[in-house]
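The data block below is entry.cif; it holds mmCIF, C-alpha atoms.
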```
data_entry
loop_
_atom_site.label_atom_id
_atom_site.label_comp_id
_atom_site.auth_asym_id
_atom_site.auth_seq_id
_atom_site.Cartn_x
_atom_site.Cartn_y
_atom_site.Cartn_z
CA MET B 11 -103.81 -10.79 6.60
CA ASN B 12 -103.63 -13.93 8.79
CA ASP B 13 -104.74 -13.22 12.37
CA LEU B 14 -104.51 -16.86 13.47
CA PRO B 15 -101.87 -17.55 16.16
CA THR B 16 -98.83 -19.57 15.06
CA SER B 17 -97.79 -22.79 16.79
CA SER B 18 -94.80 -21.01 18.35
CA THR B 19 -97.11 -18.36 19.85
CA ILE B 20 -99.41 -21.02 21.27
CA ALA B 21 -96.39 -23.00 22.54
CA ASN B 22 -95.18 -19.90 24.39
CA THR B 23 -98.66 -19.52 25.91
CA VAL B 24 -98.58 -23.16 27.06
CA LEU B 25 -95.13 -22.66 28.59
CA ARG B 26 -96.27 -19.51 30.38
CA LYS B 27 -99.36 -21.18 31.78
CA LYS B 28 -97.32 -24.18 32.92
CA LYS B 29 -95.01 -21.83 34.79
CA GLU B 30 -98.07 -20.21 36.37
CA LEU B 31 -99.36 -23.67 37.31
CA SER B 32 -95.99 -24.56 38.83
CA LYS B 33 -96.11 -21.34 40.89
CA LEU B 34 -99.62 -22.20 42.13
CA GLN B 35 -98.52 -25.69 43.09
CA SER B 36 -95.54 -24.22 44.93
CA ASP B 37 -97.86 -21.79 46.74
CA LYS B 38 -100.14 -24.65 47.71
CA ALA B 39 -97.19 -26.64 49.08
CA SER B 40 -96.15 -23.65 51.18
CA GLU B 41 -99.65 -23.28 52.61
CA ILE B 42 -99.87 -27.01 53.35
CA LYS B 43 -96.63 -26.69 55.32
CA LYS B 44 -98.26 -23.90 57.32
CA VAL B 45 -101.15 -26.25 58.12
CA ALA B 46 -98.74 -28.86 59.43
CA ASP B 47 -96.90 -26.26 61.53
CA LEU B 48 -100.15 -24.92 63.02
CA GLU B 49 -101.43 -28.41 63.82
CA LYS B 50 -98.12 -29.15 65.50
CA LYS B 51 -98.45 -25.99 67.60
CA ILE B 52 -102.03 -26.89 68.56
CA THR B 53 -100.93 -30.36 69.63
CA PHE B 54 -98.07 -28.92 71.70
CA ALA B 55 -100.41 -26.42 73.39
CA ARG B 56 -102.90 -29.17 74.25
CA LYS B 57 -100.16 -31.29 75.76
CA SER B 58 -99.03 -28.28 77.80
CA ILE B 59 -102.58 -27.93 79.20
CA LEU B 60 -102.61 -31.59 80.19
CA ARG B 61 -99.26 -31.26 81.96
CA THR B 62 -100.18 -28.29 84.16
CA LYS B 63 -102.74 -27.36 86.77
CA ASN B 64 -101.90 -23.68 86.65
CA SER B 65 -105.10 -21.90 85.58
CA SER B 66 -103.16 -19.02 84.10
CA THR B 67 -101.13 -21.34 81.92
CA ILE B 68 -104.27 -23.23 80.91
CA GLN B 69 -106.01 -20.00 79.89
CA SER B 70 -102.94 -18.84 77.98
CA LYS B 71 -102.62 -22.12 76.08
CA THR B 72 -106.35 -22.18 75.38
CA ARG B 73 -106.11 -18.74 73.78
CA GLU B 74 -103.12 -19.96 71.76
CA ILE B 75 -105.18 -22.90 70.49
CA GLU B 76 -108.03 -20.58 69.50
CA ARG B 77 -105.60 -18.29 67.68
CA TYR B 78 -103.96 -21.21 65.87
CA ASN B 79 -107.36 -22.61 64.87
CA THR B 80 -108.33 -19.21 63.42
CA GLN B 81 -105.10 -19.12 61.46
CA LEU B 82 -105.66 -22.73 60.37
CA SER B 83 -109.10 -21.86 59.03
CA LYS B 84 -107.69 -18.96 57.01
CA VAL B 85 -104.90 -21.12 55.58
CA SER B 86 -107.38 -23.84 54.65
CA GLN B 87 -109.52 -21.29 52.82
CA LYS B 88 -106.44 -20.06 51.00
CA ILE B 89 -105.50 -23.62 49.97
CA SER B 90 -109.03 -24.14 48.66
CA GLY B 91 -108.72 -21.00 46.59
CA ILE B 92 -105.35 -22.07 45.21
CA GLU B 93 -106.74 -25.51 44.32
CA LYS B 94 -109.53 -23.87 42.31
CA LYS B 95 -106.94 -21.81 40.46
CA ILE B 96 -104.87 -24.96 39.82
CA ALA B 97 -107.90 -26.75 38.37
CA GLN B 98 -108.71 -23.75 36.17
CA LYS B 99 -105.10 -23.42 35.05
CA SER B 100 -104.93 -27.15 34.19
CA THR B 101 -108.07 -26.76 32.09
CA GLU B 102 -106.55 -23.77 30.32
CA ILE B 103 -103.34 -25.69 29.63
CA SER B 104 -105.27 -28.64 28.23
CA ALA B 105 -107.22 -26.33 25.93
CA GLU B 106 -104.06 -24.55 24.74
CA GLU B 107 -102.29 -27.87 24.13
CA SER B 108 -105.21 -29.09 22.03
CA LYS B 109 -105.07 -25.81 20.11
CA LEU B 110 -101.31 -26.27 19.67
CA HIS B 111 -101.77 -29.78 18.27
CA ARG B 112 -104.34 -28.53 15.76
CA GLU B 113 -102.16 -25.61 14.70
CA GLU B 114 -99.08 -27.80 14.27
CA SER B 115 -101.08 -30.23 12.15
CA ARG B 116 -102.40 -27.34 10.06
CA GLU B 117 -98.91 -25.95 9.54
CA ILE B 118 -97.53 -29.35 8.57
CA LYS B 119 -100.36 -29.87 6.11
CA LYS B 120 -99.86 -26.40 4.66
CA ARG B 121 -96.11 -26.94 4.34
CA MET B 122 -96.57 -30.32 2.68
CA GLU B 123 -99.10 -28.88 0.22
CA PHE B 124 -96.65 -26.13 -0.64
CA GLU B 125 -93.80 -28.58 -1.14
CA LYS B 126 -95.98 -30.83 -3.28
CA LYS B 127 -96.82 -27.89 -5.50
CA GLN B 128 -93.20 -26.83 -5.60
CA LEU B 129 -92.10 -30.34 -6.55
CA SER B 130 -94.63 -30.37 -9.39
CA GLU B 131 -93.32 -27.06 -10.68
CA ILE B 132 -89.74 -28.27 -10.50
CA GLU B 133 -90.61 -31.42 -12.45
CA ASN B 134 -92.43 -29.40 -15.11
CA MET B 135 -89.46 -27.08 -15.47
CA GLN B 136 -87.08 -30.05 -15.73
CA VAL B 137 -84.71 -28.76 -13.10
CA SER B 138 -81.61 -30.64 -12.14
CA ILE B 139 -81.95 -34.19 -10.83
CA SER B 140 -80.05 -33.31 -7.67
CA LYS B 141 -82.58 -30.65 -6.71
CA HIS B 142 -85.46 -32.98 -7.43
CA GLU B 143 -83.98 -35.79 -5.29
CA GLN B 144 -83.32 -33.38 -2.43
CA LEU B 145 -86.92 -32.20 -2.29
CA HIS B 146 -88.23 -35.73 -2.74
CA HIS B 147 -86.14 -36.93 0.19
CA GLN B 148 -87.40 -34.03 2.32
CA THR B 149 -91.02 -34.86 1.52
CA GLN B 150 -90.48 -38.55 2.34
CA THR B 151 -88.90 -37.62 5.66
CA GLU B 152 -91.89 -35.52 6.67
CA ILE B 153 -94.31 -38.27 5.64
CA ALA B 154 -92.36 -40.72 7.80
CA GLU B 155 -92.55 -38.30 10.73
CA LEU B 156 -96.32 -38.03 10.33
CA LYS B 157 -96.60 -41.82 10.43
CA ASN B 158 -94.79 -41.78 13.77
CA ILE B 159 -97.53 -39.71 15.42
CA PRO B 160 -99.09 -41.96 18.14
CA GLU B 161 -102.29 -43.71 17.14
CA LYS B 162 -105.28 -42.58 19.16
CA ILE B 163 -106.86 -45.03 21.60
CA THR B 164 -110.16 -44.72 23.45
CA VAL B 165 -110.80 -45.64 27.09
CA LEU B 166 -114.45 -46.41 27.84
CA PHE B 167 -115.11 -45.76 31.56
CA ILE B 168 -118.28 -47.63 32.60
CA ALA B 169 -119.46 -46.66 36.09
CA SER B 170 -122.36 -47.90 38.20
CA ASN B 171 -123.28 -47.12 41.80
CA PRO B 172 -126.79 -48.53 42.48
CA LEU B 173 -129.07 -46.74 44.91
CA ASP B 174 -129.28 -49.75 47.21
CA SER B 175 -125.49 -50.23 47.46
CA HIS B 176 -122.71 -48.55 49.40
CA PRO B 177 -121.99 -45.16 47.76
CA LEU B 178 -118.65 -44.83 45.96
CA ARG B 179 -116.87 -41.70 44.74
CA LEU B 180 -116.66 -42.86 41.14
CA ASP B 181 -116.74 -39.31 39.82
CA GLU B 182 -113.53 -38.57 41.74
CA GLU B 183 -111.89 -41.62 40.15
CA ALA B 184 -112.91 -40.50 36.65
CA ARG B 185 -111.73 -36.93 37.30
CA GLU B 186 -108.34 -38.13 38.59
CA ILE B 187 -107.84 -40.45 35.59
CA GLU B 188 -108.68 -37.67 33.15
CA THR B 189 -106.31 -35.28 34.93
CA LYS B 190 -103.45 -37.79 34.84
CA ILE B 191 -104.03 -38.46 31.15
CA ARG B 192 -103.94 -34.71 30.42
CA GLN B 193 -100.62 -34.48 32.26
CA SER B 194 -99.02 -37.36 30.33
CA GLU B 195 -96.63 -36.93 27.39
CA TYR B 196 -98.90 -38.42 24.72
CA ARG B 197 -102.15 -36.97 26.10
CA ASN B 198 -103.52 -36.34 22.61
CA SER B 199 -103.31 -40.06 21.83
CA ILE B 200 -105.86 -41.03 24.51
CA GLU B 201 -109.57 -40.24 24.43
CA PHE B 202 -111.39 -40.77 27.74
CA VAL B 203 -115.15 -41.44 27.49
CA THR B 204 -117.43 -41.98 30.51
CA LYS B 205 -120.74 -43.86 30.80
CA TRP B 206 -122.58 -43.34 34.11
CA ALA B 207 -125.32 -45.28 35.92
CA ALA B 208 -124.62 -48.20 33.61
CA ARG B 209 -127.15 -50.96 32.99
CA PRO B 210 -126.17 -54.35 31.54
CA LEU B 211 -127.12 -53.55 27.94
CA ASP B 212 -125.16 -50.29 28.15
CA ILE B 213 -122.00 -52.40 27.88
CA LEU B 214 -122.86 -53.58 24.37
CA GLN B 215 -124.20 -50.18 23.35
CA GLY B 216 -121.09 -48.40 24.60
CA ILE B 217 -118.71 -50.78 22.82
CA ASN B 218 -120.68 -50.56 19.57
CA GLU B 219 -120.77 -46.75 19.70
CA ILE B 220 -117.20 -46.06 20.76
CA ASN B 221 -115.20 -49.15 19.70
CA PRO B 222 -112.78 -48.70 22.62
CA THR B 223 -109.25 -50.02 23.06
CA ILE B 224 -109.68 -50.22 26.84
CA ILE B 225 -112.84 -50.89 28.85
CA HIS B 226 -112.76 -49.76 32.48
CA PHE B 227 -115.44 -50.97 34.90
CA SER B 228 -115.74 -48.91 38.06
CA GLY B 229 -118.13 -49.70 40.90
CA HIS B 230 -119.13 -52.74 42.91
CA GLY B 231 -118.39 -56.42 42.46
CA SER B 232 -119.56 -59.53 44.31
CA ASP B 233 -117.53 -62.43 45.69
CA GLU B 234 -119.46 -64.69 43.30
CA ASP B 235 -117.69 -63.36 40.17
CA GLN B 236 -120.45 -60.89 39.39
CA LEU B 237 -120.34 -57.28 38.26
CA VAL B 238 -122.90 -55.03 39.97
CA LEU B 239 -124.67 -52.72 37.55
CA GLN B 240 -128.16 -51.13 37.76
CA ASP B 241 -131.67 -52.08 36.74
CA ASN B 242 -134.23 -49.65 35.32
CA ALA B 243 -135.13 -48.50 38.83
CA GLY B 244 -131.51 -47.74 39.74
CA ASN B 245 -131.13 -50.73 42.05
CA ALA B 246 -128.38 -53.35 41.89
CA LYS B 247 -128.44 -55.87 39.07
CA PHE B 248 -125.83 -58.60 39.02
CA VAL B 249 -124.07 -59.58 35.79
CA SER B 250 -122.30 -62.94 35.61
CA LYS B 251 -118.69 -63.49 34.62
CA GLU B 252 -119.83 -65.50 31.59
CA ALA B 253 -122.02 -62.64 30.37
CA ILE B 254 -119.15 -60.19 30.66
CA VAL B 255 -116.78 -62.44 28.72
CA GLN B 256 -119.40 -62.99 26.02
CA SER B 257 -119.92 -59.22 25.74
CA MET B 258 -116.22 -58.69 25.16
CA VAL B 259 -115.73 -61.33 22.47
CA THR B 260 -118.87 -60.64 20.44
CA THR B 261 -118.54 -56.88 20.03
CA SER B 262 -115.15 -55.46 19.05
CA ASP B 263 -111.87 -56.92 17.82
CA ASP B 264 -110.07 -53.73 18.91
CA ILE B 265 -110.39 -54.23 22.68
CA LYS B 266 -106.92 -54.83 24.09
CA LEU B 267 -107.44 -54.44 27.83
CA VAL B 268 -110.28 -54.70 30.34
CA PHE B 269 -109.80 -53.01 33.72
CA PHE B 270 -112.13 -54.28 36.47
CA ASN B 271 -111.75 -51.67 39.23
CA THR B 272 -114.30 -53.56 41.32
CA CYS B 273 -114.11 -55.86 44.32
CA PHE B 274 -113.48 -59.61 43.83
CA SER B 275 -113.00 -59.26 40.07
CA TYR B 276 -109.86 -61.36 39.52
CA ASN B 277 -111.77 -64.34 38.06
CA GLN B 278 -113.53 -62.02 35.61
CA ALA B 279 -110.17 -60.55 34.55
CA TYR B 280 -108.57 -63.97 34.18
CA SER B 281 -111.48 -65.28 32.12
CA VAL B 282 -111.48 -62.47 29.52
CA THR B 283 -107.78 -63.00 28.78
CA GLU B 284 -108.72 -66.18 26.97
CA TYR B 285 -109.81 -63.81 24.19
CA LEU B 286 -108.22 -60.41 24.96
CA ASP B 287 -104.57 -59.39 25.37
CA ALA B 288 -104.71 -58.24 29.00
CA ALA B 289 -106.97 -57.62 31.98
CA ILE B 290 -106.72 -56.22 35.50
CA GLY B 291 -108.87 -57.39 38.42
CA MET B 292 -108.95 -57.26 42.22
CA ASN B 293 -108.36 -60.39 44.34
CA THR B 294 -110.42 -59.00 47.25
CA SER B 295 -112.30 -55.82 48.13
CA ILE B 296 -110.56 -52.52 47.34
CA GLY B 297 -111.02 -49.15 49.02
CA ASP B 298 -112.26 -46.00 47.30
CA GLU B 299 -108.96 -44.14 47.61
CA ALA B 300 -106.89 -47.15 46.53
CA ALA B 301 -109.08 -47.62 43.44
CA ARG B 302 -108.68 -43.97 42.50
CA VAL B 303 -104.90 -43.74 43.04
CA PHE B 304 -104.16 -47.07 41.33
CA SER B 305 -106.24 -46.46 38.20
CA ALA B 306 -105.11 -42.84 37.75
CA GLN B 307 -101.42 -43.77 37.87
CA PHE B 308 -101.97 -46.72 35.52
CA TYR B 309 -103.40 -44.49 32.79
CA SER B 310 -100.77 -41.84 33.45
CA ALA B 311 -98.03 -44.40 32.72
CA LEU B 312 -99.82 -45.56 29.56
CA GLY B 313 -99.92 -41.93 28.47
CA PHE B 314 -96.14 -41.76 28.73
CA GLY B 315 -95.82 -44.67 26.31
CA TYR B 316 -95.01 -47.38 28.85
CA SER B 317 -96.04 -51.01 28.50
CA VAL B 318 -99.08 -52.45 30.28
CA GLU B 319 -96.85 -54.34 32.71
CA LYS B 320 -94.75 -51.29 33.59
CA ALA B 321 -97.89 -49.15 33.98
CA PHE B 322 -99.34 -51.80 36.32
CA LYS B 323 -96.18 -51.83 38.44
CA GLN B 324 -96.11 -48.03 38.59
CA ALA B 325 -99.73 -48.02 39.74
CA LYS B 326 -98.86 -50.43 42.58
CA ALA B 327 -95.90 -48.23 43.50
CA ALA B 328 -98.27 -45.24 43.66
CA LEU B 329 -100.32 -47.03 46.33
CA MET B 330 -97.17 -47.65 48.36
CA LEU B 331 -96.01 -44.05 48.00
CA GLU B 332 -99.40 -42.85 49.28
CA GLY B 333 -99.17 -45.25 52.23
CA ILE B 334 -102.23 -47.22 51.07
CA GLU B 335 -101.60 -50.82 52.08
CA GLU B 336 -103.52 -52.42 49.22
CA GLU B 337 -100.76 -52.85 46.66
CA ASN B 338 -101.27 -56.62 46.62
CA THR B 339 -104.97 -56.37 45.74
CA PRO B 340 -104.70 -55.65 41.98
CA GLU B 341 -103.81 -58.55 39.66
CA LEU B 342 -102.62 -58.34 36.04
CA TYR B 343 -103.38 -61.15 33.60
CA GLY B 344 -102.27 -61.65 30.01
CA LYS B 345 -103.42 -63.80 27.14
CA GLU B 346 -101.29 -66.85 26.49
CA GLY B 347 -98.40 -65.89 24.20
CA ILE B 348 -98.69 -62.14 24.98
CA ASP B 349 -95.61 -60.50 26.50
CA LEU B 350 -97.06 -57.80 28.75
CA LYS B 351 -93.65 -56.16 28.96
CA LYS B 352 -93.93 -55.37 25.24
CA LEU B 353 -97.66 -54.65 25.11
CA ILE B 354 -97.69 -50.88 24.51
CA LEU B 355 -101.08 -49.32 23.81
CA VAL B 356 -99.91 -45.76 23.25
CA LYS B 357 -96.90 -45.91 20.94
CA PRO B 358 -94.58 -42.89 20.89
#
```

Starting from the file, lay out its structure as structure tokens.
Amino acid sequence: MNDLPTSSTIANTVLRKKKELSKLQSDKASEIKKVADLEKKITFARKSILRTKNSSTIQSKTREIERYNTQLSKVSQKISGIEKKIAQKSTEISAEESKLHREESREIKKRMEFEKKQLSEIENMQVSISKHEQLHHQTQTEIAELKNIPEKITVLFIASNPLDSHPLRLDEEAREIETKIRQSEYRNSIEFVTKWAARPLDILQGINEINPTIIHFSGHGSDEDQLVLQDNAGNAKFVSKEAIVQSMVTTSDDIKLVFFNTCFSYNQAYSVTEYLDAAIGMNTSIGDEAARVFSAQFYSALGFGYSVEKAFKQAKAALMLEGIEEENTPELYGKEGIDLKKLILVKP
């Protein structure tokens, strides 16, 4: 007796959990609206206090403010609880989707093995040519479908935040990227690998170990075309543009894109495109939130099968939608002869 769940059972579980996630997100939106309403009431009450000299009115409005603040605290706690449930539910969905992918692959393999055996039996029994051609065509169709499964790419996220430099929330950036990838259509075609507290030689080691398609540098950069990594003591160690370029061209032929999510990195990005298909760099300093929003949306778009250029434009649009006025900071460069509109790293 086979107790393993079928792909349809797992698919139903995924659908149910997504509905639960949608309900949680709706609940969160409702609570956020309550926060806005309470803050508006607090502001109105404070203005009323400023407009009057009546002590009774002042006392009344003061009590209102205290009551609204109490309600605001409770709503904020509720939002925090919902966010934890959303994070847990997203993790559950990701796990179920991975399980679904494995089960579908197993079922396809099992079906193909059965059909191969059946075809052999039909040939041995010298059945009619029409039946043989029909099964042969069916097998070829399934093989073609398997070939259309997106090839897997790896993103190597190299992060460094030296002790003697301004602290950055690089972990938040990595978490947001991973979340956006999980929510994309071809999530199973992207593997996201992180390397923290990176030292210069970690670049070569990471490339040799992982053989990534995309390298993502996150952290600090200098206005002298240098990447800021760490020395053995955890303090800043500057790596020149030339060293970075040399690291890219002497390690892997599979690197297609380098993403410098660091300040003043446009020259580094431009330089590596002499050898690689594409690169992204920043033409000035970039804020923590802008770096997080831009990079997360870029990988989300890649995960939906869009080209590098379209993903870049969507990432800039994300900054504008969030009201972050840094959409002109990122720059996209391409190797001579490469059409970035057609450069698709995750092929549906």

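When only C-alpha atoms are used to compute distances to B:Ile59, the closest of the residues B:Glu74, B:Thr23, B:Ala46, B:Asn245 turns out to be B:Glu74.
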
Evaluating the PyMOL selection byres ((chain B and resi 251) around 12) on the displayed file yields which residues, as a ChimeraX atom specification? /B:231-238,248-250,252-258,270,274-282

Do you have the atom CA of B:Asn64-atom CA of B:Leu82 distance handy?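 Distance between the two atoms: 26.6 Å.
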
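Remark: for B:Gln215, the closest of the candidate residues B:Lys44, B:Thr261, B:Ser175, B:Arg116 is B:Thr261 (distances computed over all atoms listed in the file).
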
Specify as a ChimeraX atom specification each residue included when the PyMOL selection byres ((chain B and resi 228) around 6) is applied to this file. /B:169,227,229,271-272

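Distance-wise, atom CA of B:Met122 and atom CA of B:Ser18 end up 18.3 Å apart.
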
Might you pull out every residue within 8 Å of B:Ala311, with only C-alpha atoms counted and same-chain residues fewer than 6 positions away left off, and present them as an mmCIF file with C-alpha atoms, in the coordinates of the input?
```cif
data_model
loop_
_atom_site.group_PDB
_atom_site.id
_atom_site.type_symbol
_atom_site.label_atom_id
_atom_site.label_comp_id
_atom_site.auth_asym_id
_atom_site.auth_seq_id
_atom_site.Cartn_x
_atom_site.Cartn_y
_atom_site.Cartn_z
ATOM 1 C CA SER B 194 -99.020 -37.360 30.330
ATOM 2 C CA LYS B 320 -94.750 -51.290 33.590
ATOM 3 C CA ALA B 321 -97.890 -49.150 33.980
ATOM 4 C CA GLN B 324 -96.110 -48.030 38.590
#
```

Can you work out the spacing between atom CA of B:Ile42 and atom CA of B:Glu106 in Å, to one decimal?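 Distance between the two atoms: 29.0 Å.
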
Can you list what the PyMOL selection byres ((chain B and resi 209) around 6) grabs from this structure, as an NGL selection string? :B and (208 or 210-212 or 239-241)

Generate a file of the selected residues that holds C-alpha atoms, formatted as a PDB file, keeping the file's coordinate frame.
```
ATOM      1  CA  ALA B 208    -124.620 -48.200  33.610  1.00  0.00           C
ATOM      2  CA  PRO B 210    -126.170 -54.350  31.540  1.00  0.00           C
ATOM      3  CA  LEU B 211    -127.120 -53.550  27.940  1.00  0.00           C
ATOM      4  CA  ASP B 212    -125.160 -50.290  28.150  1.00  0.00           C
ATOM      5  CA  LEU B 239    -124.670 -52.720  37.550  1.00  0.00           C
ATOM      6  CA  GLN B 240    -128.160 -51.130  37.760  1.00  0.00           C
ATOM      7  CA  ASP B 241    -131.670 -52.080  36.740  1.00  0.00           C
TER       8      ASP B 241
END
```

Looking at B:Leu286, B:Leu178, B:Arg192, B:Asn171, which one is nearest to B:Lys247, with distances taken over all atoms listed in the file?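 Smallest distance to B:Lys247 is found for B:Asn171.
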
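The shortest atom-to-atom distance to B:Leu173, with only C-alpha atoms taken into account, belongs to B:Ala243 out of B:Leu129, B:Leu350, B:Ile296, B:Ala243.
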